[in-house]
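Peer 1: One file is attached below, run_32.cif, containing mmCIF, C-alpha atoms.
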```cif
data_data
#
loop_
_atom_site.label_atom_id
_atom_site.label_comp_id
_atom_site.auth_asym_id
_atom_site.auth_seq_id
_atom_site.Cartn_x
_atom_site.Cartn_y
_atom_site.Cartn_z
CA MET A 46 0.00 0.00 0.00
CA LYS A 47 2.83 2.41 0.85
CA ARG A 48 4.54 1.84 -2.49
CA ILE A 49 1.24 2.36 -4.33
CA VAL A 50 0.54 5.64 -2.54
CA ASN A 51 4.07 6.92 -3.23
CA GLN A 52 3.69 6.19 -6.94
CA PHE A 53 0.34 8.00 -6.94
CA ARG A 54 1.80 11.06 -5.22
CA GLN A 55 4.68 11.27 -7.69
CA HIS A 56 2.38 11.08 -10.71
CA ARG A 57 -0.81 12.58 -9.32
CA HIS A 58 -1.15 15.31 -11.96
CA ALA A 59 -0.58 12.90 -14.86
CA ILE A 60 -3.06 10.40 -13.39
CA GLU A 61 -5.69 13.09 -12.90
CA MET A 62 -5.27 14.36 -16.46
CA PHE A 63 -5.48 10.81 -17.82
CA LEU A 64 -8.72 10.04 -15.95
CA ARG A 65 -10.21 13.41 -16.82
CA ASN A 66 -9.50 12.91 -20.52
CA ARG A 67 -10.86 9.38 -20.52
CA VAL A 68 -14.09 10.40 -18.79
CA GLU A 69 -14.69 13.54 -20.85
CA ASP A 70 -13.50 12.33 -24.27
CA ASP A 71 -15.33 9.01 -24.35
CA ARG A 72 -18.73 10.73 -24.00
CA PHE A 73 -20.34 8.00 -21.96
CA ASN A 74 -24.10 7.61 -21.76
CA PHE A 75 -25.36 7.60 -18.16
CA GLU A 76 -29.09 7.69 -18.95
CA ASP A 77 -29.70 3.95 -18.68
CA GLU A 78 -28.07 0.85 -17.20
CA SER A 79 -26.70 -0.40 -20.53
CA GLY A 80 -24.85 2.88 -21.02
CA ILE A 81 -23.40 2.74 -17.54
CA ARG A 82 -22.37 -0.90 -18.05
CA ASP A 83 -20.54 0.20 -21.16
CA VAL A 84 -18.30 2.40 -18.99
CA PHE A 85 -16.85 -0.67 -17.28
CA SER A 86 -15.76 -2.13 -20.62
CA HIS A 87 -13.87 1.08 -21.48
CA LEU A 88 -12.34 1.53 -18.02
CA PRO A 89 -10.99 -1.84 -16.79
CA PHE A 90 -9.74 -0.26 -13.55
CA LEU A 91 -13.22 1.09 -12.63
CA GLN A 92 -14.77 -0.73 -9.67
CA MET A 93 -17.92 1.30 -8.90
CA ILE A 94 -20.00 4.13 -10.39
CA TYR A 95 -23.15 6.02 -9.36
CA LEU A 96 -24.99 9.25 -10.12
CA ILE A 97 -25.82 12.21 -7.86
CA GLY A 98 -28.57 14.75 -8.53
CA PRO A 99 -28.44 18.55 -8.17
CA ASP A 100 -29.77 18.20 -4.61
CA LEU A 101 -26.67 16.10 -3.78
CA ARG A 102 -28.72 12.93 -3.30
CA GLN A 103 -27.85 9.71 -5.05
CA THR A 104 -30.15 9.07 -8.00
CA SER A 105 -28.87 5.69 -9.17
CA PRO A 106 -27.83 2.38 -7.65
CA ASN A 107 -24.20 1.62 -6.92
CA TYR A 108 -23.12 -0.12 -10.11
CA TYR A 109 -20.29 -2.64 -9.74
CA ARG A 110 -18.49 -4.57 -12.41
CA ARG A 111 -20.75 -7.47 -11.46
CA GLY A 112 -24.07 -6.51 -9.92
CA MET A 113 -25.52 -3.43 -8.26
CA ASP A 114 -26.82 -2.14 -4.93
CA VAL A 115 -30.17 -0.30 -5.13
CA SER A 116 -30.31 0.38 -1.38
CA ARG A 117 -28.19 3.52 -1.79
CA ILE A 118 -30.70 5.37 -3.98
CA GLY A 119 -31.74 8.60 -2.25
CA ALA A 120 -28.73 8.65 0.09
CA ASP A 121 -27.53 12.13 1.09
CA LYS A 122 -24.06 12.80 -0.37
CA SER A 123 -23.76 16.47 0.59
CA HIS A 124 -21.06 15.75 3.19
CA TYR A 125 -18.80 14.44 0.40
CA PHE A 126 -18.90 17.83 -1.34
CA THR A 127 -17.87 19.93 1.67
CA ASN A 128 -14.25 20.35 0.51
CA ILE A 129 -14.75 19.71 -3.21
CA SER A 130 -14.38 22.59 -5.65
CA LEU A 131 -15.34 22.24 -9.33
CA GLU A 132 -14.88 25.89 -10.25
CA ASN A 133 -11.77 25.55 -12.48
CA PHE A 134 -12.50 22.09 -13.86
CA ASN A 135 -15.54 19.87 -14.17
CA THR A 136 -13.76 17.08 -12.32
CA TYR A 137 -12.23 16.49 -8.90
CA MET A 138 -9.99 13.59 -7.81
CA THR A 139 -9.60 12.49 -4.19
CA SER A 140 -6.48 11.24 -2.42
CA PRO A 141 -5.97 7.46 -2.07
CA TYR A 142 -8.08 5.66 0.53
CA ILE A 143 -9.29 2.17 1.40
CA HIS A 144 -12.70 1.61 -0.17
CA HIS A 145 -15.30 0.73 2.48
CA ILE A 146 -17.09 -1.74 0.18
CA THR A 147 -14.41 -3.42 -1.94
CA GLY A 148 -11.57 -3.10 0.57
CA ASN A 149 -9.17 -2.07 -2.22
CA SER A 150 -6.90 0.95 -2.31
CA SER A 151 -8.92 3.42 -4.38
CA VAL A 152 -9.28 6.94 -5.71
CA THR A 153 -12.53 8.66 -6.61
CA LEU A 154 -13.14 10.99 -9.53
CA VAL A 155 -16.18 13.28 -9.38
CA THR A 156 -17.30 14.92 -12.61
CA ALA A 157 -20.19 17.28 -13.39
CA ASP A 158 -22.79 15.90 -15.79
CA GLY A 159 -23.71 19.31 -17.24
CA GLU A 160 -27.21 19.29 -15.75
CA GLY A 161 -26.38 20.22 -12.18
CA GLY A 162 -25.67 16.64 -11.13
CA PHE A 163 -22.52 14.61 -10.78
CA VAL A 164 -21.09 11.23 -11.76
CA VAL A 165 -18.87 9.48 -9.23
CA PHE A 166 -16.22 7.00 -10.42
CA ASP A 167 -14.41 4.78 -7.91
CA PHE A 168 -11.19 3.39 -9.38
CA ASN A 169 -9.03 0.52 -8.16
CA LEU A 170 -5.73 2.32 -7.62
CA LEU A 171 -3.54 -0.74 -8.11
CA LYS A 172 -5.15 -1.64 -11.44
CA LEU A 173 -5.01 2.02 -12.49
CA LEU A 174 -1.27 2.24 -11.86
CA GLU A 175 -0.85 -1.11 -13.60
CA ALA A 176 -2.70 0.19 -16.68
CA LEU A 177 -0.50 3.30 -16.75
CA ARG A 178 2.66 1.17 -16.43
CA LEU A 179 3.59 3.02 -13.25
CA ILE A 180 3.88 -0.16 -11.21
CA GLU A 181 4.93 -3.69 -12.05
CA HIS A 182 1.89 -5.78 -11.28
CA ASN A 183 -0.01 -8.51 -13.07
CA SER A 184 -3.44 -9.34 -11.70
CA ARG A 185 -3.59 -12.76 -13.37
CA PHE A 186 -0.21 -13.76 -12.01
CA GLU A 187 -1.24 -12.48 -8.57
CA ARG A 188 -4.30 -14.74 -8.65
CA PHE A 189 -2.15 -17.68 -9.79
CA LYS A 190 0.34 -16.96 -7.01
CA LEU A 191 -2.52 -16.77 -4.51
CA ILE A 192 -3.74 -20.22 -5.59
CA VAL A 193 -0.21 -21.68 -5.34
CA TYR A 194 0.31 -20.21 -1.86
CA ALA A 195 -3.11 -21.44 -0.73
CA LEU A 196 -2.45 -24.95 -2.06
CA GLY A 197 1.06 -25.04 -0.61
CA GLY A 198 -0.10 -23.71 2.76
CA ALA A 199 -2.98 -26.21 2.95
CA THR A 200 -0.59 -29.06 2.08
CA LEU A 201 1.83 -27.95 4.80
CA VAL A 202 -1.04 -27.89 7.29
CA ALA A 203 -1.92 -31.46 6.31
CA VAL A 204 1.73 -32.55 6.70
CA SER A 205 1.99 -30.87 10.11
CA LEU A 206 -1.21 -32.53 11.33
CA PHE A 207 0.08 -35.89 10.11
CA LEU A 208 3.36 -35.45 12.03
CA ILE A 209 1.58 -34.34 15.21
CA LEU A 210 -0.88 -37.24 15.03
CA TYR A 211 1.97 -39.64 14.25
CA GLY A 212 3.89 -38.37 17.28
CA ALA A 213 0.80 -38.71 19.48
CA TYR A 214 0.16 -42.24 18.14
CA THR A 215 3.79 -43.27 18.76
CA PHE A 216 3.71 -41.94 22.30
CA ALA A 217 0.35 -43.61 23.02
CA TYR A 218 1.65 -46.92 21.64
CA VAL A 219 4.75 -46.73 23.86
CA PHE A 220 2.63 -45.74 26.85
CA PHE A 221 0.20 -48.64 26.52
CA HIS A 222 2.59 -51.27 25.19
CA THR A 223 5.98 -52.49 26.27
CA ALA A 224 8.53 -51.54 23.65
CA GLU A 225 12.10 -52.73 23.35
CA ALA A 226 13.51 -49.27 22.58
CA MET A 227 11.09 -47.25 24.68
CA LEU A 228 13.38 -44.23 25.08
CA HIS A 229 14.05 -44.13 21.35
CA GLU A 230 10.33 -44.21 20.53
CA VAL A 231 9.58 -41.41 23.02
CA PHE A 232 12.26 -39.24 21.41
CA LYS A 233 10.86 -40.06 17.99
CA ALA A 234 7.41 -38.89 19.12
CA ILE A 235 8.83 -35.63 20.49
CA ILE A 236 10.73 -34.92 17.27
CA ALA A 237 7.67 -35.63 15.12
CA ILE A 238 5.46 -33.32 17.21
CA THR A 239 8.10 -30.56 17.28
CA LEU A 240 8.59 -30.66 13.51
CA GLY A 241 4.82 -30.79 13.01
CA MET A 242 4.36 -27.63 15.06
CA ALA A 243 7.21 -25.88 13.21
CA ILE A 244 5.70 -26.77 9.83
CA PHE A 245 2.26 -25.63 11.00
CA ASP A 246 3.74 -22.30 12.09
CA LEU A 247 5.29 -21.96 8.64
CA ALA A 248 1.97 -22.79 6.94
CA LYS A 249 0.06 -20.37 9.19
CA THR A 250 2.41 -17.51 8.33
CA ILE A 251 2.18 -18.23 4.59
CA LEU A 252 -1.63 -18.35 4.66
CA GLU A 253 -1.92 -15.21 6.79
CA ASN A 254 0.55 -13.04 4.85
CA GLU A 255 0.05 -14.31 1.29
CA VAL A 256 -3.54 -15.60 1.12
CA MET A 257 -5.79 -14.00 3.73
CA TYR A 258 -4.24 -10.53 3.94
CA LYS A 259 -0.97 -8.70 3.44
CA ASN A 260 0.38 -6.22 5.93
CA ALA A 261 2.99 -4.32 3.96
CA GLY A 262 4.20 -2.41 6.98
CA ARG A 263 5.23 -5.52 8.89
CA GLN A 264 5.76 -7.99 6.03
CA ARG A 265 9.55 -8.06 6.36
CA GLU A 266 9.38 -8.30 10.15
CA GLY A 267 6.94 -11.21 9.75
CA GLN A 268 9.43 -12.99 7.49
CA TYR A 269 12.16 -12.58 10.10
CA THR A 270 9.85 -13.88 12.81
CA LEU A 271 8.86 -16.87 10.68
CA LEU A 272 12.47 -17.82 9.97
CA GLY A 273 13.39 -17.39 13.63
CA LYS A 274 10.55 -19.63 14.82
CA PHE A 275 11.37 -22.27 12.23
CA LEU A 276 15.06 -22.28 13.21
CA VAL A 277 14.13 -22.63 16.89
CA SER A 278 11.99 -25.66 16.10
CA ILE A 279 14.76 -27.23 14.02
CA ILE A 280 17.32 -26.59 16.76
CA ILE A 281 15.04 -28.21 19.35
CA ALA A 282 14.57 -31.27 17.13
CA LEU A 283 18.33 -31.53 16.49
CA SER A 284 19.07 -31.10 20.19
CA ILE A 285 16.75 -33.98 21.06
CA GLU A 286 18.30 -36.10 18.32
CA SER A 287 21.80 -35.25 19.60
CA LEU A 288 20.83 -36.23 23.12
CA MET A 289 19.46 -39.52 21.84
CA VAL A 290 22.69 -40.21 19.91
CA VAL A 291 24.78 -39.50 23.01
CA PHE A 292 22.61 -41.90 25.05
CA LYS A 293 23.05 -44.59 22.41
CA ILE A 294 26.83 -44.13 22.38
CA THR A 295 26.96 -44.14 26.19
CA LEU A 296 25.04 -47.40 26.36
CA GLY A 297 27.08 -48.93 23.55
CA ASP A 298 30.45 -48.20 22.02
CA TYR A 299 32.35 -45.23 23.46
CA THR A 300 34.50 -44.96 20.32
CA GLY A 301 31.68 -43.09 18.61
CA MET A 302 31.60 -40.33 21.26
CA GLY A 303 33.51 -38.01 18.91
CA TYR A 304 30.61 -38.07 16.44
CA GLY A 305 28.19 -37.21 19.21
CA PHE A 306 30.43 -34.31 20.24
CA LEU A 307 30.52 -32.99 16.67
CA LEU A 308 26.73 -33.17 16.48
CA LEU A 309 26.37 -31.25 19.74
CA LEU A 310 28.93 -28.73 18.50
CA GLY A 311 26.91 -28.23 15.32
CA VAL A 312 23.74 -27.61 17.33
CA THR A 313 25.63 -25.12 19.52
CA LEU A 314 26.84 -23.23 16.46
CA MET A 315 23.24 -23.08 15.20
CA ILE A 316 22.14 -21.60 18.53
CA VAL A 317 24.89 -18.98 18.33
CA GLY A 318 23.93 -18.21 14.73
CA LEU A 319 20.28 -17.84 15.75
CA GLY A 320 21.30 -15.38 18.47
CA VAL A 321 23.29 -13.28 15.99
CA PHE A 322 20.42 -13.44 13.49
CA ASP A 323 17.90 -12.31 16.11
CA TYR A 324 20.14 -9.43 17.21
CA LEU A 325 20.77 -8.16 13.68
CA THR A 326 17.15 -8.45 12.51
CA THR A 327 15.81 -6.78 15.65
CA ARG A 328 18.19 -3.87 15.17
CA ARG A 329 17.34 -3.58 11.47
CA VAL A 330 13.58 -3.59 12.09
CA SER A 331 14.04 -0.93 14.78
CA GLU A 332 16.02 1.26 12.37
CA GLU A 333 13.35 0.90 9.67
CA GLU A 334 10.60 1.85 12.14
CA GLU A 335 12.55 4.97 13.17
CA LYS A 336 12.81 6.02 9.51
#
```
Please rewrite the model in this file as structure tokens.
Peer 2:
Amino acid sequence: MKRIVNQFRQHRHAIEMFLRNRVEDDRFNFEDESGIRDVFSHLPFLQMIYLIGPDLRQTSPNYYRRGMDVSRIGADKSHYFTNISLENFNTYMTSPYIHHITGNSSVTLVTADGEGGFVVFDFNLLKLLEALRLIEHNSRFERFKLIVYALGGATLVAVSLFLILYGAYTFAYVFFHTAEAMLHEVFKAIIAITLGMAIFDLAKTILENEVMYKNAGRQREGQYTLLGKFLVSIIIALSIESLMVVFKITLGDYTGMGYGFLLLLGVTLMIVGLGVFDYLTTRRVSEEEEK
């Protein structure tokens, strides 16, 4: 959203002139529904349109690209015209805002219809900037990416649930049955559950940030948090595995103790690396927030 608004501010005059020319030069017919529907075919970035009478009351339904809302007919729109001046031009463009109906970043263009009334155009700002080649964005690819993220996230959730249920099953089997390698099976259950929770945390973050909603202000911080949580889960699993290896060596052949030491040393280095990573990312996020 921040990048979109910055692009709009840099090219506001050019965008306003473009919209003004498109609306005035195309000579749209707003007298019936078919004429209004024709506007959507000429303006692919238009998301809503309606008409206002000379008394500043809405005289038409809210027309969307698909469907309409007749409940707004007769609504008082005078409060929208408090700070709007159409003295120099027949059009007025608002600043960017989040549309209360579509939820998209939008701008509104108000134009006089020549009979004392007004026509209100609500434009999808992202699609508008995309059409003007002011931002690199492809709506079809975004939808494809959304599907891929949703499918991948759902698959990761299924894998995490399988690991958690497998760990619970293994632990229940050991608890109710006598097993030869009881300690080994308990460790196996703990590792499966830990990895399952780590994978679920990964899937949850992907679905929240890429499918359900995107918070541009904290997107990078969310990525750092995700990686940190995933590394913690991996370190815990490796630590448990290292402890199990050391137990096996202790109960068996002591000549393999060097391998156990190297494994513990590797886990220790990962813990140190995680500490450095957390320190650097925390400082970087703090510096970005100060800016």
Peer 1: Tell me which protein, DNA and RNA residues are within 10 Å of Val290 in chain A, counting all atoms listed in the file, leaving out same-chain ones fewer than 6 positions away, and put them as number ranges by chain.
Peer 2: A: 229, 284, 296, 301-302, 304-306, 308-309
Peer 1: Convert the output of the PyMOL selection byres ((chain A and resi 215) around 8) on the shown file into explicit residues, formatted as a ChimeraX atom specification.
Peer 2: /A:211-214,216-219,230-231,233-234
Peer 1: Written as a list in words, what is the full residue list that the PyMOL selection byres ((chain A and resi 322) around 12) yields on the file shown?
Peer 2: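 When the PyMOL selection byres ((chain A and resi 322) around 12) is applied, the selected residues are Tyr269, Thr270, Leu272, Gly273, Lys274, Leu276, Val277, Met315, Ile316, Val317, Gly318, Leu319, Gly320, Val321, Asp323, Tyr324, Leu325, Thr326, Thr327, Arg328 and Arg329 of chain A.
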Peer 1: Determine the residue membership of the PyMOL selection byres ((chain A and resi 199-203) around 8) for the file above and supply it as a VMD selection string.
Peer 2: chain A and resid 195 to 198 204 to 207 244 to 245 247 to 249
Peer 1: Could the residues in this selection be saved with C-alpha atoms as a PDB file, keeping the file's coordinate frame?
Peer 2:
```pdb
ATOM      1  CA  ALA A 195      -3.110 -21.440  -0.730  1.00  0.00           C
ATOM      2  CA  LEU A 196      -2.450 -24.950  -2.060  1.00  0.00           C
ATOM      3  CA  GLY A 197       1.060 -25.040  -0.610  1.00  0.00           C
ATOM      4  CA  GLY A 198      -0.100 -23.710   2.760  1.00  0.00           C
ATOM      5  CA  VAL A 204       1.730 -32.550   6.700  1.00  0.00           C
ATOM      6  CA  SER A 205       1.990 -30.870  10.110  1.00  0.00           C
ATOM      7  CA  LEU A 206      -1.210 -32.530  11.330  1.00  0.00           C
ATOM      8  CA  PHE A 207       0.080 -35.890  10.110  1.00  0.00           C
ATOM      9  CA  ILE A 244       5.700 -26.770   9.830  1.00  0.00           C
ATOM     10  CA  PHE A 245       2.260 -25.630  11.000  1.00  0.00           C
ATOM     11  CA  LEU A 247       5.290 -21.960   8.640  1.00  0.00           C
ATOM     12  CA  ALA A 248       1.970 -22.790   6.940  1.00  0.00           C
ATOM     13  CA  LYS A 249       0.060 -20.370   9.190  1.00  0.00           C
TER      14      LYS A 249
END
```
Peer 1: At a cut-off of 12 Å, using all atoms listed in the file, what residues contact range 94-104 of chain A? Leave out same-chain residues fewer than 5 positions from it and give the result as a ChimeraX atom specification.
Peer 2: /A:74-78,80-85,88,109-127,153-169
Peer 1: What is the distance between CA of Glu175 in chain A and CA of Ile60 in chain A, in Å to one decimal?
Peer 2: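 CA of Ile60 in chain A lies 11.7 Å from CA of Glu175 in chain A.
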Peer 1: Measuring between all atoms listed in the file, which one of A:Ile209, A:Leu170, A:Ile294, A:Val256 shows the shortest distance to Met242 in chain A?
Peer 2: A:Ile209
Peer 1: Is it possible to get the residues within 8 Å of (-6.6, -2.1, -1.7) (coordinates as in the file, counting all atoms listed in the file) written as a count of residues only?
Peer 2: 11
Peer 1: If I take CA of Phe186 in chain A and CA of Ile49 in chain A, how far is one from the other in Å, to one decimal?
Peer 2: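 It comes out at 17.9 Å.
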